[in-house]
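Input: a single structure, listed below in structure tokens.
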Amino acid sequence: MSSSLDSLPPALAKLVQRFQRATDPKRRYEQLIWYAQKLPEFPETGKVPENKVPGCVSQVYVTAHLNDGHVAYEGDSDSQLTKGLLAFLIEGLNGLTPTEIVQLTPDFIQATGLNVSLTPSRANGFYNIFKTMQKKALECKLEP
């Protein structure tokens, strides 16, 4: 394990380790689809421009709110694979403080092996989703 894995929040580190065990790219895709299917239903009312992730080929929406000082995300996508990436990030980041989320760097994707499996547009989508989630965490923190 790399030292960067030790510096990840526990839920995110656990997800990264789960993907590290799947050495076959097809298996990683299957895991993403499984995460996509686990994602709770996202309300249609949340599918508004201010919740849309910019720069994604797929339609991706994400919302965030604070719950006792910790961020709670919800989201959806019209693509199962992208929805799986979103679900991965939601599971890994939910419950963290805005400061913890903003301080993360997206290089943990390399540790999962997903960056090798993803097409350039999907990898770019992952980074856009991650950056949008960080922005929303920061907005939560700044709201009175």
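Residues are named by chain letter and number: chains run A, B, ... in the order of the structure tokens, numbers start at 1 in each chain, and ligands are numbered from 1 in the order shown.
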I'd like a table as a tab-separated table: residues in segment 71-95 of chain A with an atom no more than 12 Å from segment 109-125 of chain A, each row giving the shortest atom pair and its distance in Å to one decimal, only C-alpha atoms counted, sorted by chain and rising residue number.
```
residue	atom	partner	partner_atom	distance
A:Ser77	CA	A:Gly125	CA	11.2
A:Ser79	CA	A:Arg122	CA	10.4
A:Gln80	CA	A:Arg122	CA	11.5
A:Leu81	CA	A:Arg122	CA	8.5
A:Thr82	CA	A:Arg122	CA	7.1
A:Lys83	CA	A:Gly125	CA	10.6
A:Gly84	CA	A:Arg122	CA	11.1
A:Leu85	CA	A:Gly125	CA	8.8
A:Leu86	CA	A:Gly125	CA	9.5
A:Phe88	CA	A:Ile109	CA	10.6
A:Leu89	CA	A:Ile109	CA	10.2
A:Gly92	CA	A:Ile109	CA	11.7
```
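Considering the residues A:Gln37, A:Gln20, A:Thr97, A:Arg28 and counting only C-alpha atoms, His65 of chain A has its shortest atom-to-atom contact with A:Thr97.
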What's the 10 Å shell around Cys140 of chain A, counting only C-alpha atoms, without same-chain residues fewer than 5 positions away, as a list in words? Ala64, His65, Leu66, Asn67, Gly69, His70, Val71, Ala72, Thr97, Pro98, Gln134 and Lys135 of chain A
Please save N, CA, C and O atoms of the selected residues as a short mmCIF file (atom, residue, chain, number, x, y, z; two decimals), in the first residue's frame.
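Below you can see result35.cif, which holds the result:
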```cif
data_model
loop_
_atom_site.label_atom_id
_atom_site.label_comp_id
_atom_site.auth_asym_id
_atom_site.auth_seq_id
_atom_site.Cartn_x
_atom_site.Cartn_y
_atom_site.Cartn_z
N ALA A 64 -25.33 18.67 -2.58
CA ALA A 64 -24.65 18.48 -1.30
C ALA A 64 -25.33 19.35 -0.26
O ALA A 64 -25.80 20.45 -0.55
N HIS A 65 -25.41 18.82 0.94
CA HIS A 65 -25.88 19.63 2.07
C HIS A 65 -25.12 19.20 3.32
O HIS A 65 -24.54 18.12 3.36
N LEU A 66 -25.10 20.08 4.29
CA LEU A 66 -24.42 19.77 5.55
C LEU A 66 -25.37 19.09 6.51
O LEU A 66 -26.53 19.48 6.63
N ASN A 67 -24.85 18.09 7.17
CA ASN A 67 -25.60 17.36 8.19
C ASN A 67 -24.68 17.28 9.41
O ASN A 67 -23.71 16.51 9.39
N GLY A 69 -22.37 19.34 10.28
CA GLY A 69 -21.01 19.71 9.91
C GLY A 69 -20.34 18.77 8.92
O GLY A 69 -19.19 18.97 8.54
N HIS A 70 -21.06 17.73 8.49
CA HIS A 70 -20.51 16.77 7.53
C HIS A 70 -21.34 16.81 6.25
O HIS A 70 -22.56 16.96 6.29
N VAL A 71 -20.65 16.64 5.13
CA VAL A 71 -21.31 16.75 3.83
C VAL A 71 -22.04 15.45 3.49
O VAL A 71 -21.53 14.35 3.69
N ALA A 72 -23.26 15.63 2.98
CA ALA A 72 -24.06 14.50 2.47
C ALA A 72 -24.37 14.81 1.00
O ALA A 72 -24.94 15.85 0.69
N THR A 97 -16.01 16.28 6.40
CA THR A 97 -16.25 17.71 6.54
C THR A 97 -15.89 18.39 5.22
O THR A 97 -15.11 17.84 4.43
N PRO A 98 -16.43 19.59 4.98
CA PRO A 98 -16.05 20.30 3.76
C PRO A 98 -14.53 20.48 3.65
O PRO A 98 -13.97 20.33 2.57
N GLN A 134 -16.18 18.89 -4.75
CA GLN A 134 -15.38 19.75 -3.88
C GLN A 134 -15.97 21.16 -3.83
O GLN A 134 -16.07 21.76 -2.75
N LYS A 135 -16.39 21.66 -4.98
CA LYS A 135 -16.98 23.00 -5.05
C LYS A 135 -18.25 23.06 -4.20
O LYS A 135 -18.47 24.01 -3.46
#
```
Those of chain A in DSSP strand (DSSP E or B), formatted as an MDAnalysis selection string: chainID A and resid 52 60:67 70:77
For the selection you just gave me, I'd like the residues written to a file as an mmCIF file, in the first residue's frame, keeping N, CA, C and O atoms.
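Output contents, as saved in out13.cif:
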```cif
data_model
loop_
_atom_site.group_PDB
_atom_site.id
_atom_site.type_symbol
_atom_site.label_atom_id
_atom_site.label_comp_id
_atom_site.auth_asym_id
_atom_site.auth_seq_id
_atom_site.Cartn_x
_atom_site.Cartn_y
_atom_site.Cartn_z
ATOM 1 N N LYS A 52 -25.846 20.410 -12.276
ATOM 2 C CA LYS A 52 -25.251 19.647 -13.374
ATOM 3 C C LYS A 52 -23.723 19.772 -13.329
ATOM 4 O O LYS A 52 -23.191 20.852 -13.105
ATOM 5 N N VAL A 60 -24.819 14.468 -15.644
ATOM 6 C CA VAL A 60 -24.492 14.117 -14.266
ATOM 7 C C VAL A 60 -24.942 15.255 -13.364
ATOM 8 O O VAL A 60 -24.656 16.423 -13.632
ATOM 9 N N TYR A 61 -25.665 14.877 -12.299
ATOM 10 C CA TYR A 61 -26.152 15.862 -11.333
ATOM 11 C C TYR A 61 -25.678 15.463 -9.945
ATOM 12 O O TYR A 61 -25.665 14.270 -9.610
ATOM 13 N N VAL A 62 -25.315 16.469 -9.156
ATOM 14 C CA VAL A 62 -24.900 16.197 -7.782
ATOM 15 C C VAL A 62 -25.346 17.349 -6.882
ATOM 16 O O VAL A 62 -25.296 18.520 -7.286
ATOM 17 N N THR A 63 -25.849 16.991 -5.712
ATOM 18 C CA THR A 63 -26.216 17.986 -4.709
ATOM 19 C C THR A 63 -25.463 17.654 -3.428
ATOM 20 O O THR A 63 -25.024 16.514 -3.221
ATOM 21 N N ALA A 64 -25.327 18.667 -2.585
ATOM 22 C CA ALA A 64 -24.649 18.481 -1.302
ATOM 23 C C ALA A 64 -25.329 19.351 -0.256
ATOM 24 O O ALA A 64 -25.795 20.451 -0.552
ATOM 25 N N HIS A 65 -25.413 18.821 0.944
ATOM 26 C CA HIS A 65 -25.881 19.629 2.070
ATOM 27 C C HIS A 65 -25.120 19.202 3.318
ATOM 28 O O HIS A 65 -24.538 18.116 3.361
ATOM 29 N N LEU A 66 -25.105 20.081 4.294
ATOM 30 C CA LEU A 66 -24.416 19.771 5.548
ATOM 31 C C LEU A 66 -25.373 19.095 6.507
ATOM 32 O O LEU A 66 -26.526 19.480 6.628
ATOM 33 N N ASN A 67 -24.850 18.092 7.175
ATOM 34 C CA ASN A 67 -25.596 17.363 8.191
ATOM 35 C C ASN A 67 -24.677 17.278 9.406
ATOM 36 O O ASN A 67 -23.709 16.512 9.389
ATOM 37 N N HIS A 70 -21.057 17.733 8.488
ATOM 38 C CA HIS A 70 -20.512 16.767 7.530
ATOM 39 C C HIS A 70 -21.338 16.810 6.253
ATOM 40 O O HIS A 70 -22.558 16.963 6.295
ATOM 41 N N VAL A 71 -20.654 16.643 5.125
ATOM 42 C CA VAL A 71 -21.309 16.750 3.826
ATOM 43 C C VAL A 71 -22.043 15.451 3.488
ATOM 44 O O VAL A 71 -21.532 14.354 3.692
ATOM 45 N N ALA A 72 -23.263 15.627 2.975
ATOM 46 C CA ALA A 72 -24.058 14.505 2.469
ATOM 47 C C ALA A 72 -24.373 14.807 1.004
ATOM 48 O O ALA A 72 -24.943 15.848 0.690
ATOM 49 N N TYR A 73 -23.951 13.908 0.129
ATOM 50 C CA TYR A 73 -24.157 14.074 -1.309
ATOM 51 C C TYR A 73 -25.287 13.190 -1.804
ATOM 52 O O TYR A 73 -25.534 12.109 -1.270
ATOM 53 N N GLU A 74 -25.907 13.651 -2.887
ATOM 54 C CA GLU A 74 -26.845 12.846 -3.664
ATOM 55 C C GLU A 74 -26.518 13.120 -5.129
ATOM 56 O O GLU A 74 -26.011 14.202 -5.452
ATOM 57 N N GLY A 75 -26.819 12.174 -5.991
ATOM 58 C CA GLY A 75 -26.535 12.414 -7.393
ATOM 59 C C GLY A 75 -27.134 11.374 -8.311
ATOM 60 O O GLY A 75 -27.692 10.368 -7.863
ATOM 61 N N ASP A 76 -26.995 11.642 -9.610
ATOM 62 C CA ASP A 76 -27.516 10.738 -10.625
ATOM 63 C C ASP A 76 -26.809 11.023 -11.950
ATOM 64 O O ASP A 76 -26.253 12.109 -12.149
ATOM 65 N N SER A 77 -26.835 10.034 -12.822
ATOM 66 C CA SER A 77 -26.309 10.187 -14.174
ATOM 67 C C SER A 77 -27.122 9.321 -15.116
ATOM 68 O O SER A 77 -27.688 8.308 -14.708
#
```
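If you measure from each of A:Ile129, A:Leu142, A:Leu8, A:Ala87 to Gln103 of chain A using only C-alpha atoms, the closest one turns out to be A:Leu8.
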Pick from A:Phe126, A:Leu104, A:Ile90, A:Leu138 nearest to Lys38 of chain A, counting only C-alpha atoms: A:Ile90
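When atom CA of Pro25 of chain A is paired with atom CA of Met133 of chain A, their separation reads 25.4 Å.
Residue nearest Gly95 of chain A, chosen from A:Glu50, A:Asp68, A:Arg27, A:Val57 and counting only C-alpha atoms: A:Asp68.
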Considering only alpha helix (DSSP H) as DSSP defines it on the backbone, what residues of segment 6-48 of chain A qualify? List them as a count of residues only. 27
Can you measure atom CA of Ala137 of chain A to atom CA of Val102 of chain A for me? One decimal in Å is fine. 7.2 Å
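Considering only C-alpha atoms, the residue among A:Val53, A:Glu91, A:Asp24, A:Phe19 positioned nearest to Leu39 of chain A is A:Glu91.
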When you count only C-alpha atoms, which of these residues is closest to Cys56 of chain A: A:Asp6, A:Gln17, A:Asp78, A:Ala36? A:Asp78
Straight-line distance linking atom CA of Asn51 of chain A with atom CA of Leu12 of chain A, stated in Å to one decimal: 22.8 Å
